[in-house]
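What follows is the content of run01.tsv (TSV, C-alpha atoms and all ligand atoms).
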chain	number	residue	atom	x	y	z
A	1	MET	CA	0.16	17.05	2.12
A	2	PRO	CA	0.94	14.90	5.19
A	3	HIS	CA	3.98	15.18	7.42
A	4	VAL	CA	3.67	11.48	8.22
A	5	ALA	CA	1.88	8.89	6.06
A	6	LEU	CA	1.22	5.20	6.66
A	7	ALA	CA	0.34	2.71	3.93
A	8	VAL	CA	-1.50	-0.37	5.25
A	9	VAL	CA	-1.42	-3.15	2.67
A	10	ALA	CA	-2.05	-6.86	2.37
A	11	HIS	CA	1.07	-7.87	0.44
A	12	PRO	CA	4.54	-6.66	-0.43
A	13	ASP	CA	4.07	-4.63	-3.69
A	14	ASP	CA	0.43	-3.53	-3.08
A	15	ALA	CA	1.51	-0.08	-1.90
A	16	GLU	CA	3.83	0.44	-4.86
A	17	PHE	CA	1.19	-0.66	-7.39
A	18	GLN	CA	-1.69	1.33	-5.93
A	19	CYS	CA	-0.23	4.47	-4.38
A	20	GLY	CA	3.51	4.38	-5.10
A	21	GLY	CA	3.50	7.67	-7.01
A	22	THR	CA	1.64	9.42	-4.22
A	23	LEU	CA	4.00	8.09	-1.56
A	24	ALA	CA	6.96	9.15	-3.72
A	25	LYS	CA	5.46	12.64	-4.11
A	26	TRP	CA	4.89	13.04	-0.39
A	27	ALA	CA	8.43	11.79	0.36
A	28	ARG	CA	9.82	14.29	-2.16
A	29	LEU	CA	7.92	17.06	-0.35
A	30	GLY	CA	9.39	16.03	3.00
A	31	ALA	CA	6.92	13.55	4.50
A	32	VAL	CA	7.98	10.49	6.46
A	33	ILE	CA	6.51	7.41	4.73
A	34	HIS	CA	5.80	4.24	6.70
A	35	HIS	CA	4.71	0.86	5.32
A	36	LEU	CA	2.68	-1.73	7.24
A	37	VAL	CA	2.49	-5.03	5.34
A	38	LEU	CA	0.01	-7.46	6.87
A	39	THR	CA	0.87	-10.80	5.23
A	40	ASP	CA	4.14	-12.54	4.45
A	41	GLY	CA	3.52	-12.74	0.70
A	42	SER	CA	4.33	-16.45	0.77
A	43	LYS	CA	1.79	-17.39	-1.93
A	44	GLY	CA	3.04	-14.82	-4.43
A	45	THR	CA	4.33	-17.23	-7.06
A	46	TRP	CA	3.10	-19.71	-9.67
A	47	ASP	CA	6.15	-21.91	-9.05
A	48	THR	CA	5.06	-24.85	-6.90
A	49	GLY	CA	8.71	-25.76	-6.27
A	50	VAL	CA	9.37	-22.60	-4.24
A	51	ASP	CA	9.81	-22.79	-0.47
A	52	PRO	CA	7.18	-20.42	0.99
A	53	ALA	CA	9.44	-19.37	3.87
A	54	GLU	CA	12.25	-18.51	1.45
A	55	LEU	CA	9.86	-16.54	-0.74
A	56	ALA	CA	8.55	-14.62	2.29
A	57	ALA	CA	12.10	-13.73	3.35
A	58	ARG	CA	12.98	-12.62	-0.17
A	59	ARG	CA	9.85	-10.48	-0.44
A	60	ARG	CA	10.61	-8.82	2.88
A	61	GLY	CA	13.91	-7.56	1.47
A	62	GLU	CA	12.24	-6.49	-1.76
A	63	GLN	CA	9.64	-4.47	0.18
A	64	VAL	CA	12.28	-2.62	2.15
A	65	ARG	CA	14.19	-1.78	-1.06
A	66	ALA	CA	10.93	-0.66	-2.72
A	67	ALA	CA	10.06	1.61	0.20
A	68	ARG	CA	13.50	3.21	-0.01
A	69	ALA	CA	13.17	3.58	-3.79
A	70	LEU	CA	10.03	5.64	-3.19
A	71	GLY	CA	12.05	7.86	-0.88
A	72	GLY	CA	10.38	6.46	2.21
A	73	SER	CA	12.49	7.04	5.28
A	74	GLY	CA	10.06	5.54	7.80
A	75	ASP	CA	9.42	2.09	9.20
A	76	VAL	CA	8.60	-0.96	7.11
A	77	THR	CA	6.65	-3.20	9.49
A	78	PHE	CA	5.60	-6.77	8.71
A	79	LEU	CA	2.81	-8.52	10.64
A	80	ASP	CA	3.61	-11.79	8.85
A	81	ARG	CA	0.08	-13.15	8.70
A	82	ILE	CA	-0.01	-16.06	6.24
A	83	ASP	CA	-0.63	-14.91	2.67
A	84	GLY	CA	-4.19	-15.76	1.60
A	85	GLU	CA	-5.38	-16.28	5.16
A	86	LEU	CA	-5.67	-12.68	6.40
A	87	VAL	CA	-8.77	-12.02	8.49
A	88	SER	CA	-9.94	-8.89	10.25
A	89	ASP	CA	-9.89	-10.28	13.77
A	90	LEU	CA	-9.44	-8.41	17.03
A	91	ALA	CA	-5.86	-9.54	17.62
A	92	THR	CA	-4.73	-8.30	14.20
A	93	ARG	CA	-6.73	-5.07	14.55
A	94	ASP	CA	-4.95	-4.36	17.84
A	95	LEU	CA	-1.58	-4.81	16.11
A	96	VAL	CA	-2.59	-2.38	13.35
A	97	CYS	CA	-3.81	0.04	16.03
A	98	GLU	CA	-0.47	-0.28	17.84
A	99	VAL	CA	1.48	0.66	14.70
A	100	MET	CA	-0.81	3.65	14.09
A	101	ARG	CA	-0.37	4.85	17.67
A	102	ARG	CA	3.40	4.45	17.32
A	103	VAL	CA	4.05	6.14	13.95
A	104	ARG	CA	1.14	8.64	14.29
A	105	PRO	CA	0.28	9.27	10.62
A	106	ASP	CA	-1.58	12.36	9.39
A	107	VAL	CA	-2.82	10.31	6.44
A	108	VAL	CA	-3.47	6.56	6.28
A	109	VAL	CA	-3.62	4.90	2.84
A	110	GLY	CA	-5.16	1.46	2.31
A	111	HIS	CA	-7.34	-0.92	0.31
A	112	ASP	CA	-11.03	-0.04	-0.15
A	113	PRO	CA	-12.86	-2.77	1.82
A	114	TRP	CA	-16.11	-1.93	0.01
A	115	ALA	CA	-14.75	-2.29	-3.53
A	116	ARG	CA	-17.13	-4.45	-5.56
A	117	TYR	CA	-15.96	-7.33	-7.74
A	118	ARG	CA	-12.48	-7.50	-6.23
A	119	LEU	CA	-11.49	-11.12	-5.81
A	120	HIS	CA	-8.58	-11.35	-3.41
A	121	PRO	CA	-9.78	-12.02	0.16
A	122	ASP	CA	-6.63	-10.48	1.69
A	123	HIS	CA	-7.35	-7.12	0.04
A	124	ALA	CA	-10.85	-6.93	1.56
A	125	ALA	CA	-9.55	-8.03	4.97
A	126	ALA	CA	-6.65	-5.55	4.79
A	127	GLY	CA	-9.10	-2.76	3.95
A	128	ARG	CA	-11.23	-3.61	6.97
A	129	LEU	CA	-8.17	-3.79	9.21
A	130	CYS	CA	-7.04	-0.37	7.99
A	131	ILE	CA	-10.41	1.28	8.61
A	132	GLU	CA	-11.00	-0.47	11.94
A	133	GLY	CA	-7.42	0.16	12.99
A	134	VAL	CA	-8.01	3.91	12.57
A	135	VAL	CA	-11.13	3.70	14.74
A	136	ALA	CA	-9.25	1.72	17.38
A	137	ALA	CA	-6.19	4.00	17.32
A	138	ARG	CA	-8.18	7.13	18.06
A	139	ASP	CA	-10.30	5.77	20.92
A	140	PRO	CA	-8.63	5.16	24.30
A	141	TRP	CA	-10.99	2.31	25.18
A	142	PHE	CA	-9.81	0.24	22.22
A	143	ALA	CA	-6.67	-1.72	23.18
A	144	PRO	CA	-6.32	0.27	26.45
A	145	GLU	CA	-3.34	-1.84	27.52
A	146	GLN	CA	-1.31	-0.01	24.85
A	147	LEU	CA	-1.77	3.24	26.78
A	148	ALA	CA	-0.06	1.70	29.79
A	149	GLU	CA	2.87	0.97	27.46
A	150	GLY	CA	3.14	4.68	26.64
A	151	LEU	CA	1.24	4.68	23.33
A	152	GLU	CA	-1.26	7.55	23.25
A	153	PRO	CA	-4.45	7.45	21.14
A	154	HIS	CA	-3.97	8.92	17.69
A	155	ARG	CA	-6.45	10.41	15.22
A	156	PRO	CA	-5.27	10.77	11.60
A	157	GLY	CA	-6.70	13.59	9.51
A	158	ALA	CA	-7.62	11.53	6.46
A	159	ILE	CA	-7.88	8.04	5.00
A	160	LEU	CA	-7.23	7.52	1.30
A	161	LEU	CA	-8.55	4.25	-0.14
A	162	PHE	CA	-6.94	2.99	-3.35
A	163	GLU	CA	-8.59	0.86	-6.06
A	164	PRO	CA	-11.70	2.70	-4.83
A	165	ASP	CA	-15.25	1.59	-5.43
A	166	VAL	CA	-16.06	5.28	-5.96
A	167	ALA	CA	-13.12	7.54	-6.75
A	168	ASP	CA	-13.55	11.10	-5.50
A	169	HIS	CA	-10.00	12.28	-4.94
A	170	ALA	CA	-6.80	12.39	-6.99
A	171	GLU	CA	-3.19	12.97	-6.12
A	172	SER	CA	-1.37	14.56	-9.04
A	173	LEU	CA	2.09	13.21	-9.89
A	174	THR	CA	5.13	14.55	-11.64
A	175	PRO	CA	6.87	12.33	-14.19
A	176	ALA	CA	9.64	11.84	-11.61
A	177	ASP	CA	7.11	10.61	-9.03
A	178	LEU	CA	5.83	8.06	-11.53
A	179	GLU	CA	9.37	6.97	-12.38
A	180	ARG	CA	10.00	6.37	-8.67
A	181	ARG	CA	6.87	4.22	-8.52
A	182	ILE	CA	8.15	2.17	-11.47
A	183	GLU	CA	11.61	1.86	-9.89
A	184	ALA	CA	10.01	0.72	-6.62
A	185	LEU	CA	7.81	-1.80	-8.42
A	186	LEU	CA	10.83	-3.27	-10.16
A	187	ALA	CA	12.43	-3.79	-6.73
A	188	HIS	CA	9.85	-6.57	-6.25
A	189	GLU	CA	11.93	-8.88	-8.42
A	190	SER	CA	10.19	-12.09	-7.33
A	191	GLN	CA	6.93	-10.73	-8.75
A	192	HIS	CA	8.07	-9.80	-12.25
A	193	HIS	CA	6.91	-12.99	-13.89
A	194	THR	CA	3.65	-13.46	-11.97
A	195	THR	CA	2.39	-9.91	-11.58
A	196	HIS	CA	4.32	-7.23	-13.43
A	197	LEU	CA	4.85	-8.67	-16.89
A	198	PRO	CA	1.72	-10.83	-17.54
A	199	HIS	CA	-0.55	-7.80	-17.12
A	200	SER	CA	1.48	-5.68	-19.50
A	201	ALA	CA	0.90	-7.17	-22.95
A	202	ALA	CA	3.89	-6.33	-25.10
A	203	ALA	CA	3.19	-5.18	-28.65
A	204	GLY	CA	5.08	-6.88	-31.49
A	205	ASP	CA	8.71	-7.41	-30.51
A	206	GLU	CA	8.47	-4.88	-27.67
A	207	ASP	CA	10.54	-5.67	-24.59
A	208	PRO	CA	8.20	-6.92	-21.82
A	209	TYR	CA	9.73	-4.46	-19.37
A	210	GLU	CA	9.06	-1.62	-21.79
A	211	ALA	CA	5.44	-2.83	-22.01
A	212	PHE	CA	5.29	-2.77	-18.22
A	213	ARG	CA	6.60	0.80	-18.11
A	214	ARG	CA	4.14	1.83	-20.83
A	215	ARG	CA	1.26	0.29	-18.86
A	216	GLU	CA	2.27	2.18	-15.72
A	217	TRP	CA	2.36	5.45	-17.67
A	218	THR	CA	-1.04	4.71	-19.23
A	219	LEU	CA	-2.62	4.04	-15.83
A	220	ALA	CA	-1.30	7.31	-14.43
A	221	GLU	CA	-2.32	9.22	-17.58
A	222	ASP	CA	-5.85	7.77	-17.43
A	223	ALA	CA	-6.23	8.76	-13.77
A	224	GLY	CA	-4.80	12.17	-14.66
A	225	THR	CA	-7.33	12.61	-17.47
A	226	TRP	CA	-10.15	11.76	-15.05
A	227	ALA	CA	-8.81	14.30	-12.55
A	228	GLY	CA	-8.01	16.99	-15.10
A	229	VAL	CA	-4.26	16.91	-14.47
A	230	GLY	CA	-1.37	15.33	-16.32
A	231	LEU	CA	-0.58	12.26	-14.21
A	232	ALA	CA	-2.39	11.05	-11.10
A	233	GLU	CA	-3.49	8.25	-8.80
A	234	ALA	CA	-7.18	8.02	-7.84
A	235	PHE	CA	-8.58	7.40	-4.35
A	236	HIS	CA	-11.67	7.60	-2.20
A	237	LEU	CA	-11.11	10.16	0.53
A	238	ILE	CA	-12.57	9.79	4.03
A	239	ASP	CA	-11.98	12.82	6.22
A	240	ASP	CA	-15.40	13.56	7.66
A	241	GLN	CA	-15.74	10.83	10.32
A	242	LEU	CA	-12.39	11.12	12.01
A	301	ZN	ZN	-2.09	-7.74	-2.90
Can you give me the file's structure in the form of structure tokens?
Amino acid sequence: MPHVALAVVAHPDDAEFQCGGTLAKWARLGAVIHHLVLTDGSKGTWDTGVDPAELAARRRGEQVRAARALGGSGDVTFLDRIDGELVSDLATRDLVCEVMRRVRPDVVVGHDPWARYRLHPDHAAAGRLCIEGVVAARDPWFAPEQLAEGLEPHRPGAILLFEPDVADHAESLTPADLERRIEALLAHESQHHTTHLPHSAAAGDEDPYEAFRRREWTLAEDAGTWAGVGLAEAFHLIDDQL
């Protein structure tokens, strides 16, 4: 149970989809929840008539509302790298390091950069940036100019990787935590028709939003069955190299 948690994600909505219940649980128990979103989300539509800058601005607002729906009271920081073009370079790593040294999380949550058969390049790059950002944040000889600006090195106690290649850790959820995740996901209104609804096949004349809610419950129930609890989200835990 962290006092301060930081989710490092590629796109607006990744945190809510992959660890929203866990963030909601920690917020309910008193933790400060911060979001760091690395890209602007400007390719998150199938509509070729959309202005990418307008979409990015809209998604920024949606992400802030989603973070608040989870109960997150911390910062929502956007690095605004172009969606689909995220790379784990030194300049971006230093910016991730700077956020970690500023908000000083006990637990960092991010994409698993070693997950096999995952297609989206931003997710792999975001996973690398999260891991390498932790290494940089703890070591004073990484980005030493930040120390002169008053940012001290910071060593989190654990990293939790979601969509893990090998799951070895679960966070149990209450039904209310899961409902907060669903509420936060629905705050990403621009994504309903590209992401939320197409992956939630409605049965018969079922309302597509009901199918979406049912899918979210099934995912949490399946992870809970694996973990031996009612509802859960699954992760890979790294706490031995920090
Ligand atoms: Zn994503």
Problem set entry | Exercise answer, 12 Å around ligand ZN 301 (chain A) with all atoms listed in the file, as a ChimeraX atom specification | /A:8-18,37-44,83-84,86,110-111,118-127,162-163,191,195
Would you output that residue set with C-alpha atoms, as a PDB file, in the frame of the given file?
ATOM      1  CA  VAL A   8      -1.500  -0.370   5.250  1.00  0.00           C
ATOM      2  CA  VAL A   9      -1.420  -3.150   2.670  1.00  0.00           C
ATOM      3  CA  ALA A  10      -2.050  -6.860   2.370  1.00  0.00           C
ATOM      4  CA  HIS A  11       1.070  -7.870   0.440  1.00  0.00           C
ATOM      5  CA  PRO A  12       4.540  -6.660  -0.430  1.00  0.00           C
ATOM      6  CA  ASP A  13       4.070  -4.630  -3.690  1.00  0.00           C
ATOM      7  CA  ASP A  14       0.430  -3.530  -3.080  1.00  0.00           C
ATOM      8  CA  ALA A  15       1.510  -0.080  -1.900  1.00  0.00           C
ATOM      9  CA  GLU A  16       3.830   0.440  -4.860  1.00  0.00           C
ATOM     10  CA  PHE A  17       1.190  -0.660  -7.390  1.00  0.00           C
ATOM     11  CA  GLN A  18      -1.690   1.330  -5.930  1.00  0.00           C
ATOM     12  CA  VAL A  37       2.490  -5.030   5.340  1.00  0.00           C
ATOM     13  CA  LEU A  38       0.010  -7.460   6.870  1.00  0.00           C
ATOM     14  CA  THR A  39       0.870 -10.800   5.230  1.00  0.00           C
ATOM     15  CA  ASP A  40       4.140 -12.540   4.450  1.00  0.00           C
ATOM     16  CA  GLY A  41       3.520 -12.740   0.700  1.00  0.00           C
ATOM     17  CA  SER A  42       4.330 -16.450   0.770  1.00  0.00           C
ATOM     18  CA  LYS A  43       1.790 -17.390  -1.930  1.00  0.00           C
ATOM     19  CA  GLY A  44       3.040 -14.820  -4.430  1.00  0.00           C
ATOM     20  CA  ASP A  83      -0.630 -14.910   2.670  1.00  0.00           C
ATOM     21  CA  GLY A  84      -4.190 -15.760   1.600  1.00  0.00           C
ATOM     22  CA  LEU A  86      -5.670 -12.680   6.400  1.00  0.00           C
ATOM     23  CA  GLY A 110      -5.160   1.460   2.310  1.00  0.00           C
ATOM     24  CA  HIS A 111      -7.340  -0.920   0.310  1.00  0.00           C
ATOM     25  CA  ARG A 118     -12.480  -7.500  -6.230  1.00  0.00           C
ATOM     26  CA  LEU A 119     -11.490 -11.120  -5.810  1.00  0.00           C
ATOM     27  CA  HIS A 120      -8.580 -11.350  -3.410  1.00  0.00           C
ATOM     28  CA  PRO A 121      -9.780 -12.020   0.160  1.00  0.00           C
ATOM     29  CA  ASP A 122      -6.630 -10.480   1.690  1.00  0.00           C
ATOM     30  CA  HIS A 123      -7.350  -7.120   0.040  1.00  0.00           C
ATOM     31  CA  ALA A 124     -10.850  -6.930   1.560  1.00  0.00           C
ATOM     32  CA  ALA A 125      -9.550  -8.030   4.970  1.00  0.00           C
ATOM     33  CA  ALA A 126      -6.650  -5.550   4.790  1.00  0.00           C
ATOM     34  CA  GLY A 127      -9.100  -2.760   3.950  1.00  0.00           C
ATOM     35  CA  PHE A 162      -6.940   2.990  -3.350  1.00  0.00           C
ATOM     36  CA  GLU A 163      -8.590   0.860  -6.060  1.00  0.00           C
ATOM     37  CA  GLN A 191       6.930 -10.730  -8.750  1.00  0.00           C
ATOM     38  CA  THR A 195       2.390  -9.910 -11.580  1.00  0.00           C
TER      39      THR A 195
END
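In this comparison, which uses all atoms listed in the file, the residue of A:Val166, A:Ala137, A:Leu147, A:Leu90 approaching Pro105 (chain A) most closely is A:Ala137.
Take CA of Arg155 (chain A) and CA of Arg138 (chain A): the distance between them is 4.7 Å.
Straight-line separation from CA of Gly61 (chain A) to CA of Val76 (chain A): 10.2 Å.
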Seminar exercise, completed: Restricting to all atoms listed in the file, whichever of A:Glu132, A:Leu79, A:Leu178, A:Arg215 is closest to Ala203 (chain A) is A:Arg215
Exercise. Using all atoms listed in the file, which residues sit within 9 Å of region 216-230 of chain A once same-chain residues fewer than 5 positions away are excluded, as a PyMOL selection string?
Worked result: chain A and resi 17+21+169-175+178-179+181-182+200+211
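The shortest atom-to-atom distance to Phe142 (chain A), with all atoms listed in the file taken into account, belongs to A:Val96 out of A:Ile238, A:Met1, A:Ala69, A:Val96.
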Problem set entry | Selection: 8 Å around Thr22 (chain A), all atoms listed in the file, excl. self and same-chain fewer than 2 positions, as a ChimeraX atom specification | /A:19-20,24-26,171-173,177,233
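The interatomic distance for the pair CA of Leu185 (chain A) and CA of Arg214 (chain A) works out to 13.4 Å.
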